[in-house]
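Below is model-v7.cif, which holds mmCIF, C-alpha atoms.
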data_input
loop_
_atom_site.label_atom_id
_atom_site.label_comp_id
_atom_site.auth_asym_id
_atom_site.auth_seq_id
_atom_site.Cartn_x
_atom_site.Cartn_y
_atom_site.Cartn_z
CA MET A 16 79.64 119.13 55.71
CA LYS A 17 81.95 119.22 52.68
CA LYS A 18 81.41 121.50 49.70
CA GLU A 19 80.76 118.54 47.37
CA ASP A 20 78.09 117.20 49.75
CA VAL A 21 76.30 120.56 49.86
CA LEU A 22 76.39 120.86 46.07
CA SER A 23 75.07 117.30 45.71
CA ILE A 24 72.14 118.20 47.96
CA VAL A 25 71.46 121.31 45.84
CA ALA A 26 71.49 119.24 42.64
CA TYR A 27 69.12 116.63 44.10
CA LEU A 28 66.78 119.34 45.41
CA LEU A 29 66.59 120.86 41.93
CA MET A 30 65.78 117.43 40.50
CA PHE A 31 63.08 116.90 43.13
CA ALA A 32 61.65 120.38 42.42
CA ILE A 33 61.25 119.51 38.73
CA ALA A 34 59.43 116.28 39.58
CA LEU A 35 57.14 118.07 42.03
CA ILE A 36 56.31 120.98 39.70
CA VAL A 37 55.64 118.78 36.68
CA GLY A 38 53.52 116.41 38.75
CA LEU A 39 51.37 119.08 40.42
CA VAL A 40 51.21 121.74 37.71
CA VAL A 41 51.03 119.69 34.50
CA ILE A 42 50.22 116.01 34.99
CA ARG A 43 47.67 116.18 37.82
CA PRO A 44 45.41 118.79 36.09
CA MET A 45 45.46 116.78 32.87
CA PHE A 46 44.41 113.65 34.76
CA SER A 47 41.40 115.48 36.15
CA SER A 48 40.35 116.99 32.81
CA VAL A 49 41.05 114.14 30.39
CA ALA A 50 39.90 110.53 30.48
CA LEU A 51 42.80 108.15 29.89
CA PRO A 52 42.27 104.71 28.35
CA ILE A 53 44.42 103.12 31.11
CA ASN A 54 44.83 103.51 34.88
CA PRO A 55 46.56 106.87 35.48
CA TYR A 56 48.94 105.54 38.14
CA ALA A 57 49.97 102.59 36.01
CA PHE A 58 50.51 104.99 33.12
CA VAL A 59 52.79 107.24 35.17
CA ILE A 60 54.87 104.33 36.49
CA ILE A 61 55.32 102.85 33.00
CA ALA A 62 56.11 106.26 31.53
CA ILE A 63 58.72 106.99 34.22
CA LEU A 64 60.47 103.65 33.65
CA LEU A 65 60.50 104.13 29.89
CA ALA A 66 61.69 107.73 30.32
CA ILE A 67 64.62 106.65 32.51
CA ILE A 68 65.67 104.04 29.97
CA PHE A 69 65.21 106.39 26.99
CA ASN A 70 67.07 109.34 28.51
CA THR A 71 69.88 107.17 29.82
CA VAL A 72 70.36 105.53 26.42
CA MET A 73 70.27 108.90 24.66
CA LEU A 74 72.82 110.36 27.07
CA GLU A 75 75.27 107.52 26.58
CA VAL A 76 74.70 107.36 22.82
CA GLY A 77 75.52 111.07 22.82
CA HIS A 78 78.69 110.31 24.75
CA LEU A 79 79.55 107.54 22.31
CA ILE A 80 79.03 109.72 19.22
CA GLY A 81 80.79 112.69 20.86
CA GLY A 82 83.72 110.47 21.80
CA LYS A 83 84.08 109.26 18.21
CA ILE A 84 83.85 112.84 16.89
CA GLY A 85 86.51 113.93 19.39
CA GLY A 86 88.98 111.27 18.28
CA TYR A 87 88.53 108.50 20.84
CA ASN A 88 88.06 104.75 20.70
CA ILE A 89 85.13 103.38 22.70
CA VAL A 90 86.24 101.01 25.45
CA SER A 91 82.87 100.35 27.10
CA PHE A 92 79.23 101.46 26.88
CA ASN A 93 77.26 101.03 30.11
CA VAL A 94 73.53 101.78 30.52
CA LEU A 95 71.97 100.92 33.89
CA TYR A 96 74.57 98.16 34.51
CA PHE A 97 74.06 96.61 31.05
CA CYS A 98 77.57 96.93 29.67
CA ILE A 99 79.10 96.29 26.25
CA HIS A 100 82.88 96.39 26.64
CA LYS A 101 86.00 95.57 24.70
CA GLU A 102 88.15 92.78 26.06
CA LYS A 103 91.16 91.37 24.18
CA ASN A 104 90.01 93.13 20.99
CA LYS A 105 86.58 91.47 21.18
CA TRP A 106 83.28 93.05 22.19
CA ARG A 107 81.58 91.35 25.11
CA PHE A 108 78.36 91.87 27.06
CA GLY A 109 78.01 91.76 30.84
CA PHE A 110 76.74 93.50 33.96
CA LYS A 111 79.15 96.07 35.38
CA SER A 112 79.07 98.96 37.84
CA PHE A 113 79.70 102.46 36.57
CA ASP A 114 80.77 105.92 37.72
CA GLY A 115 77.73 108.10 37.11
CA LEU A 116 74.03 108.52 37.78
CA SER A 117 72.67 106.08 35.21
CA GLY A 118 75.51 104.94 32.96
CA GLU A 119 79.02 105.52 31.69
CA THR A 120 80.90 105.50 28.40
CA VAL A 121 84.64 104.87 28.76
CA LEU A 122 87.03 106.26 26.15
CA ALA A 123 90.62 105.80 25.00
CA PRO A 124 92.29 108.58 22.97
CA LYS A 125 93.59 107.76 19.50
CA SER A 126 96.19 110.52 19.81
CA GLU A 127 97.32 113.36 22.08
CA LYS A 128 95.14 115.75 20.06
CA ALA A 129 91.85 114.02 20.96
CA ASN A 130 89.22 116.57 22.05
CA PRO A 131 86.88 115.51 24.93
CA LYS A 132 84.46 118.44 24.56
CA PRO A 133 82.20 116.78 21.90
CA TYR A 134 81.76 113.93 24.41
CA ILE A 135 79.98 116.47 26.62
CA TRP A 136 78.18 118.64 24.06
CA VAL A 137 76.59 116.01 21.80
CA PRO A 138 74.31 114.72 24.64
CA VAL A 139 73.31 118.36 25.30
CA PHE A 140 72.20 118.77 21.68
CA PHE A 141 70.26 115.51 21.92
CA PHE A 142 68.45 116.82 24.98
CA LEU A 143 67.64 120.12 23.22
CA PHE A 144 65.98 118.12 20.43
CA GLU A 145 64.04 116.17 23.06
CA ILE A 146 62.83 119.45 24.60
CA ILE A 147 61.56 120.72 21.24
CA ALA A 148 59.85 117.41 20.38
CA ALA A 149 58.23 117.11 23.83
CA ILE A 150 56.89 120.68 23.78
CA LEU A 151 55.42 120.28 20.30
CA LEU A 152 53.77 116.98 21.20
CA TYR A 153 52.34 118.44 24.42
CA VAL A 154 50.94 121.50 22.60
CA PHE A 155 49.28 119.34 19.95
CA SER A 156 47.77 117.10 22.65
CA THR A 157 46.21 120.08 24.47
CA MET A 158 44.77 121.36 21.18
CA ASN A 159 43.10 117.99 20.55
CA PRO A 160 41.81 116.74 23.94
CA SER A 161 39.31 114.41 22.25
CA ASN A 162 42.12 112.38 20.65
CA GLU A 163 42.94 109.85 23.39
CA ALA A 164 46.09 108.54 21.70
CA LEU A 165 47.48 112.04 21.27
CA VAL A 166 46.67 112.90 24.90
CA VAL A 167 48.54 109.82 26.08
CA PHE A 168 51.58 110.77 24.00
CA GLY A 169 51.33 114.36 25.22
CA LEU A 170 51.34 113.31 28.86
CA GLY A 171 54.13 110.85 28.16
CA SER A 172 56.21 113.57 26.53
CA VAL A 173 55.95 115.70 29.67
CA ILE A 174 57.15 112.82 31.84
CA PHE A 175 59.96 112.00 29.42
CA LEU A 176 61.05 115.64 29.43
CA ALA A 177 60.91 115.89 33.22
CA ILE A 178 63.07 112.78 33.66
CA GLY A 179 65.43 114.07 30.97
CA ALA A 180 65.70 117.41 32.76
CA MET A 181 66.47 115.72 36.08
CA ILE A 182 69.24 113.65 34.51
CA ALA A 183 70.55 116.74 32.67
CA ILE A 184 70.70 118.75 35.91
CA TYR A 185 72.79 116.06 37.58
CA ASN A 186 74.97 115.51 34.52
CA LEU A 187 75.59 119.20 33.72
CA PHE A 188 75.78 120.59 37.27
CA PRO A 189 79.04 122.61 37.22
CA ALA A 190 80.61 120.88 40.21
CA ARG A 191 81.75 117.41 41.18
CA LEU A 192 78.87 115.48 42.76
CA ASP A 193 78.75 111.79 43.68
CA SER A 194 80.59 111.05 40.45
CA MET A 195 82.68 112.84 37.82
CA ASN A 196 79.77 114.42 35.92
CA ASP A 197 80.02 116.25 32.57
CA GLY A 198 79.42 119.69 34.06
CA TYR A 199 82.44 119.28 36.31
CA ARG A 200 84.51 117.96 33.42
CA LEU A 201 83.53 120.97 31.34
CA THR A 202 84.76 123.40 34.02
CA LEU A 203 88.07 121.55 34.11
CA PHE A 204 88.45 121.42 30.32
CA ASN A 205 88.57 125.21 30.26
CA LYS A 206 92.21 124.69 31.22
CA PRO A 207 94.22 123.19 28.33
CA ILE A 208 96.44 121.31 30.81
CA ASN A 209 93.41 119.34 31.98
CA VAL A 210 92.59 118.20 28.45
CA VAL A 211 96.16 116.93 28.06
CA ALA A 212 95.97 115.25 31.47
CA TYR A 213 92.58 113.70 30.71
CA ASN A 214 93.88 112.12 27.49
CA GLU A 215 96.99 110.86 29.23
CA LEU A 216 94.93 109.38 32.06
CA MET A 217 92.58 107.63 29.62
CA ARG A 218 95.58 106.28 27.69
CA ILE A 219 97.23 104.85 30.80
CA GLU A 220 94.02 103.34 32.19
CA ASN A 221 93.34 101.67 28.87
CA LEU A 222 96.85 100.17 28.76
CA GLN A 223 96.39 98.88 32.31
CA ARG A 224 92.98 97.50 31.39
CA GLU A 225 94.50 95.56 28.51
CA GLY A 226 97.41 94.33 30.61
CA LYS A 227 99.97 96.12 28.44
CA PRO A 228 103.18 97.65 29.83
CA ILE A 229 103.27 101.40 30.47
CA GLU A 230 106.60 102.50 29.08
CA GLU A 231 106.29 106.15 30.03
CA ILE A 232 104.06 108.18 32.35
CA ARG A 233 103.98 111.94 32.24
CA PHE A 234 104.21 113.74 35.59
CA PHE A 235 102.38 117.08 35.71
CA GLU A 236 103.89 119.87 37.76
CA GLU A 237 100.70 121.96 37.53
CA ILE A 238 98.26 120.33 39.96
CA THR A 239 94.55 120.02 39.26
CA ASP A 240 92.08 117.19 39.96
CA PHE A 241 92.92 115.56 36.64
CA THR A 242 96.69 115.97 36.92
CA ALA A 243 96.51 114.74 40.53
CA SER A 244 94.66 111.60 39.37
CA LEU A 245 97.27 111.00 36.71
CA ASN A 246 100.21 111.64 39.04
CA LEU A 247 98.75 109.06 41.41
CA THR A 248 99.59 106.42 38.82
CA TYR A 249 103.20 106.93 39.87
CA VAL A 250 102.19 106.49 43.49
CA TYR A 251 100.49 103.16 42.80
CA ASN A 252 103.54 101.89 40.93
CA LEU A 253 105.79 102.87 43.83
CA LEU A 254 103.49 101.35 46.45
CA GLY A 255 103.46 98.10 44.50
CA LYS A 256 107.29 98.09 44.66
CA LYS A 257 107.26 99.02 48.40
CA GLU A 258 109.13 102.25 47.58
CA TYR A 259 107.29 104.12 50.31
CA ASP A 260 109.64 107.08 50.67
CA ASP A 261 109.43 107.99 46.99
CA ALA A 262 105.65 107.52 47.05
CA MET A 263 105.38 109.88 50.04
CA LEU A 264 107.47 112.54 48.27
CA LEU A 265 105.13 112.43 45.27
CA ILE A 266 102.02 112.66 47.45
CA ASP A 267 103.49 115.70 49.22
CA LYS A 268 104.17 117.27 45.84
CA ILE A 269 100.56 116.70 44.74
CA CYS A 270 99.22 118.01 48.08
CA VAL A 271 101.26 121.22 48.05
CA ASN A 272 98.18 123.28 47.10
CA PRO A 273 95.01 121.64 48.52
CA SER A 274 92.76 124.35 47.04
CA ALA A 275 93.75 123.21 43.52
CA ILE A 276 92.05 119.83 44.00
CA SER A 277 88.70 118.67 45.35
CA SER A 278 88.32 117.89 49.04
CA HIS A 279 87.62 114.23 48.16
CA THR A 280 90.89 113.96 46.23
CA TYR A 281 92.83 115.69 49.01
CA ALA A 282 91.33 113.47 51.72
CA ARG A 283 92.18 110.33 49.76
CA LEU A 284 95.74 111.58 49.27
CA LEU A 285 96.03 111.90 53.05
CA ALA A 286 94.61 108.39 53.34
CA GLN A 287 97.50 107.25 51.14
CA LYS A 288 99.95 108.99 53.48
CA ILE A 289 98.38 107.34 56.53
CA TYR A 290 98.63 103.96 54.81
CA ILE A 291 102.32 104.49 54.04
CA LYS A 292 103.07 105.70 57.57
CA LEU A 293 101.38 102.72 59.20
CA MET A 294 102.94 100.23 56.78
CA SER A 295 106.52 101.53 56.86
CA CYS A 296 107.15 103.68 59.95
CA PRO A 297 107.36 102.90 63.69
CA LEU A 298 103.89 102.80 65.18
CA GLU A 299 104.48 105.80 67.47
CA GLU A 300 105.60 107.95 64.53
CA ALA A 301 102.54 106.95 62.48
CA LYS A 302 100.29 107.57 65.47
CA HIS A 303 101.75 111.04 66.00
CA PHE A 304 101.16 111.91 62.35
CA TYR A 305 97.56 110.68 62.45
CA GLU A 306 96.67 112.40 65.72
CA ASN A 307 98.44 115.72 65.11
CA GLU A 308 98.53 116.31 61.35
CA VAL A 309 95.20 114.89 60.18
CA SER A 310 92.11 116.99 60.87
CA GLU A 311 88.97 115.55 62.47
CA GLN A 312 87.09 116.25 59.24
CA ILE A 313 89.56 114.16 57.22
CA LYS A 314 89.44 111.39 59.84
CA ARG A 315 85.64 111.23 59.56
CA PHE A 316 85.84 111.22 55.79
CA ILE A 317 88.29 108.30 55.74
CA SER A 318 86.22 106.28 58.22
CA ASN A 319 83.08 106.65 56.07
CA ASP A 320 84.50 106.82 52.54
CA VAL A 321 83.94 103.78 50.31
CA SER A 322 87.11 103.97 48.22
CA MET A 323 90.04 101.60 48.40
CA GLU A 324 92.42 104.41 49.35
CA SER A 325 90.35 105.12 52.46
CA VAL A 326 89.35 101.52 53.21
CA ARG A 327 92.91 100.18 53.33
CA ALA A 328 94.04 103.17 55.40
CA TYR A 329 91.14 102.78 57.83
CA VAL A 330 91.65 99.05 58.35
CA LEU A 331 95.15 99.94 59.60
CA ILE A 332 93.81 102.79 61.74
CA ALA A 333 91.15 100.57 63.29
CA GLY A 334 93.49 97.64 63.84
CA LEU A 335 96.76 99.30 64.86
CA LEU A 336 95.78 102.65 66.38
CA GLU A 337 92.29 102.07 67.74
CA GLU A 338 92.74 98.32 68.26
CA SER A 339 89.08 97.74 67.56
CA LYS A 340 88.19 94.35 66.17
CA GLY A 341 84.63 95.50 65.49
CA GLU A 342 85.81 98.42 63.37
CA VAL A 343 88.18 96.15 61.45
CA GLN A 344 85.31 93.78 60.75
CA TYR A 345 83.17 96.74 59.68
CA VAL A 346 85.71 98.16 57.24
CA ASN A 347 86.62 94.68 56.02
CA SER A 348 82.98 94.14 55.05
CA ARG A 349 83.11 97.29 52.87
CA LYS A 350 86.10 96.13 50.82
CA VAL A 351 84.03 94.40 48.14
CA LYS A 352 81.92 97.51 47.55
CA ALA A 353 85.04 99.69 47.42
CA LEU A 354 86.70 97.38 44.91
CA LYS A 355 83.65 97.61 42.66
CA ARG A 356 84.09 101.39 42.60
CA THR A 357 87.79 101.10 41.76
CA PRO A 358 88.88 101.60 38.14
CA GLU A 359 89.27 98.15 36.64
CA ALA A 360 92.94 98.73 35.85
CA ARG A 361 93.75 99.31 39.55
CA VAL A 362 91.73 96.49 41.13
CA GLU A 363 94.59 93.98 41.27
CA VAL A 364 97.00 96.47 42.84
CA GLU A 365 94.41 97.62 45.39
CA GLN A 366 93.55 94.05 46.32
CA GLU A 367 97.23 93.35 46.99
CA LEU A 368 97.73 96.54 49.02
CA TYR A 369 94.63 95.85 51.11
CA THR A 370 95.68 92.26 51.80
CA GLU A 371 99.06 93.47 53.03
CA ALA A 372 97.36 95.98 55.33
CA LEU A 373 94.98 93.37 56.75
CA ASN A 374 97.84 90.92 57.29
CA LYS A 375 99.72 93.60 59.26
CA VAL A 376 96.67 94.01 61.50
CA LEU A 377 96.40 90.25 62.01
CA GLU A 378 100.11 90.06 62.86
CA ALA A 379 99.48 92.60 65.62
CA HIS A 380 96.38 90.72 66.80
CA PRO A 381 96.87 87.00 66.03
CA ASP A 382 93.90 86.10 68.25
CA TRP A 383 91.42 88.02 66.05
CA ASP A 384 89.26 85.76 63.88
CA LEU A 385 88.06 87.68 60.80
CA SER A 386 87.28 84.58 58.72
CA LYS A 387 83.54 85.38 58.64
CA ASN A 388 84.27 88.64 56.84
#

Show me the file's structure as structure tokens.
Amino acid sequence: MKKEDVLSIVAYLLMFAIALIVGLVVIRPMFSSVALPINPYAFVIIAILLAIIFNTVMLEVGHLIGGKIGGYNIVSFNVLYFCIHKEKNKWRFGFKSFDGLSGETVLAPKSEKANPKPYIWVPVFFFLFEIIAAILLYVFSTMNPSNEALVVFGLGSVIFLAIGAMIAIYNLFPARLDSMNDGYRLTLFNKPINVVAYNELMRIENLQREGKPIEEIRFFEEITDFTASLNLTYVYNLLGKKEYDDAMLLIDKICVNPSAISSHTYARLLAQKIYIKLMSCPLEEAKHFYENEVSEQIKRFISNDVSMESVRAYVLIAGLLEESKGEVQYVNSRKVKALKRTPEARVEVEQELYTEALNKVLEAHPDWDLSKN
């Protein structure tokens, strides 16, 4: 099991512990000692739903305000798939996926000096205010048990605070979990090079999103997760031009120190190498690389990972190395989900790269019918 998976389990266990403790130690005793004007179970369900919405909105509003304070333009504001985004200089509303637990606010730096730290800290201050308000309301409700309205608000404040704490644990956990959370960003921003790389990455992604040309991309010699993500922009440009040798050289340069990047990033970089090998090298050479230079752990990751880097590599592995039509159908069915997780600016390139990979598989197996997938 990878480090990120273990840490994700720890974060979720902490969230579950909060829910269990609040439910058994606070809410259940109050139910037994105070008569509520509505059904207790209905009250809890409604309160939880409202708490999720409230805390998600407050988190993303904090991101929005923090982004503006830090010197960024707001590109999109997504709360539980309800997204307000900028498209061709006009604000539009729609339903979009996001990278996060409950929402995402996407930024674009106004200048190289933009500071991403307020983006992280403003939501923390909002949550601190929520803690103070919830505690005060709960204390007042326990001092006046005969006031039904106050008791309801007191119980509600506990539920709101518990949900807020669960979201805060996930968001501020100091490690990369299922998504790029604020706690992980904060650990990276301790290095000035990562702040520079973050702003450059946001700038490039915004230009790609708007369909504008990227005249210059900065390559970072110091490798971290952020600089690796930015350097991969070069790789995508080279893959699009079929300049596989140059793309491989850049990937090797990024991979020179695997401990400097997360295991997910490293595994996806190897997936890129496998893709290039199978697309451009003799099959025996690609097979030798895959069987002798890729660990079993990386192979398992690629076969299960729902990212376009892994999906397009695995469709080649399944079709050309394993010659398994069933596995090709399986990975082909995951493409749509993987594309939804791909940054919008890279969707078109990834779609093209995947189609080329699938066509290569079909050329090797012209009798395979994958039309149903």

To test your reading of the syntax: which residues would the PyMOL selection byres ((chain A and resi 331) around 8) return for the file shown? Reply as a PyMOL selection string.
chain A and resi 290+293+327-330+332-336+372-373+375-376

Give as a PyMOL selection string the residues that the PyMOL selection byres ((chain A and resi 26-35) around 10) matches when applied to the coordinates above.
chain A and resi 20-25+36-41+174+177-178+180-190+192

Expand the PyMOL selection byres ((chain A and resi 113-130) around 6) into the explicit residue set it covers here, and present it as a short mmCIF file (atom, residue, chain, number, x, y, z; two decimals) with C-alpha atoms, in the coordinates of the input.
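Dumped to selection_0.cif:
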data_model
loop_
_atom_site.label_atom_id
_atom_site.label_comp_id
_atom_site.auth_asym_id
_atom_site.auth_seq_id
_atom_site.Cartn_x
_atom_site.Cartn_y
_atom_site.Cartn_z
CA GLY A 85 86.51 113.93 19.39
CA GLY A 86 88.98 111.27 18.28
CA TYR A 87 88.53 108.50 20.84
CA ASN A 88 88.06 104.75 20.70
CA ILE A 89 85.13 103.38 22.70
CA VAL A 90 86.24 101.01 25.45
CA SER A 91 82.87 100.35 27.10
CA PHE A 92 79.23 101.46 26.88
CA ASN A 93 77.26 101.03 30.11
CA VAL A 94 73.53 101.78 30.52
CA LEU A 95 71.97 100.92 33.89
CA SER A 112 79.07 98.96 37.84
CA PRO A 131 86.88 115.51 24.93
CA LYS A 132 84.46 118.44 24.56
CA SER A 194 80.59 111.05 40.45
CA ASN A 214 93.88 112.12 27.49
CA MET A 217 92.58 107.63 29.62
CA ARG A 218 95.58 106.28 27.69
#

Got a sec: who's within 12 Å of Gly341 (chain A), counting all atoms listed in the file, leaving out chain neighbours fewer than 4 positions off, as an mmCIF file with C-alpha atoms, keeping the file's coordinate frame?
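Wrote part.cif, looks like this:
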data_model
loop_
_atom_site.group_PDB
_atom_site.id
_atom_site.type_symbol
_atom_site.label_atom_id
_atom_site.label_comp_id
_atom_site.auth_asym_id
_atom_site.auth_seq_id
_atom_site.Cartn_x
_atom_site.Cartn_y
_atom_site.Cartn_z
ATOM 1 C CA VAL A 330 91.650 99.050 58.350
ATOM 2 C CA ALA A 333 91.150 100.570 63.290
ATOM 3 C CA GLY A 334 93.490 97.640 63.840
ATOM 4 C CA GLU A 337 92.290 102.070 67.740
ATOM 5 C CA TYR A 345 83.170 96.740 59.680
ATOM 6 C CA VAL A 346 85.710 98.160 57.240
ATOM 7 C CA ASN A 347 86.620 94.680 56.020
ATOM 8 C CA SER A 348 82.980 94.140 55.050
ATOM 9 C CA TRP A 383 91.420 88.020 66.050
ATOM 10 C CA ASP A 384 89.260 85.760 63.880
ATOM 11 C CA LEU A 385 88.060 87.680 60.800
ATOM 12 C CA ASN A 388 84.270 88.640 56.840
#

In Å, how far is it from CA of Gly82 (chain A) to CA of Val210 (chain A)?
13.5 Å

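Atom pair CA of Arg315 (chain A) / CA of Arg356 (chain A): separated by 19.7 Å.
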
Counting only C-alpha atoms, the option among A:Leu74, A:Ile99, A:Val211, A:Val326 closest to Glu145 (chain A):
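For Glu145 (chain A), the nearest of the given residues is A:Leu74.
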
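Picture a line from CA of Val154 (chain A) to CA of Tyr56 (chain A); it runs 22.4 Å.
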
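Each of A:His279, A:Arg191, A:Arg200, A:Lys288 was checked against Asp261 (chain A) using only C-alpha atoms; the smallest atom-to-atom distance is that of A:Lys288.
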
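With all atoms listed in the file as the atoms that count, the minimum distance from Ala282 (chain A) to the choices A:Ile313, A:Cys296, A:Leu264, A:Leu377 is reached by A:Ile313.
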
Return as JSON the box centre and box size in Å, one decimal, for an axis-aligned box around all listed atoms of region 59-78 of chain A padded by 6 Å per side.
{"center_x": 65.7, "center_y": 107.0, "center_z": 29.7, "size_x": 37.9, "size_y": 20.2, "size_z": 25.7}

Show which residues sit within 7 Å of region 164-170 of chain A, as a ChimeraX atom specification. Count all atoms listed in the file, and ignore same-chain residues fewer than 6 positions away.
/A:42,152-153,156

Might you pull out every residue within 7 Å of Val137 (chain A), with all atoms listed in the file counted and same-chain residues fewer than 5 positions away left off, and present them as a VMD selection string?
chain A and resid 77 to 78 81

Smallest atom-to-atom distance to Leu201 (chain A): which of A:Phe141, A:Glu342, A:Trp136, A:Lys352, using only C-alpha atoms?
A:Trp136
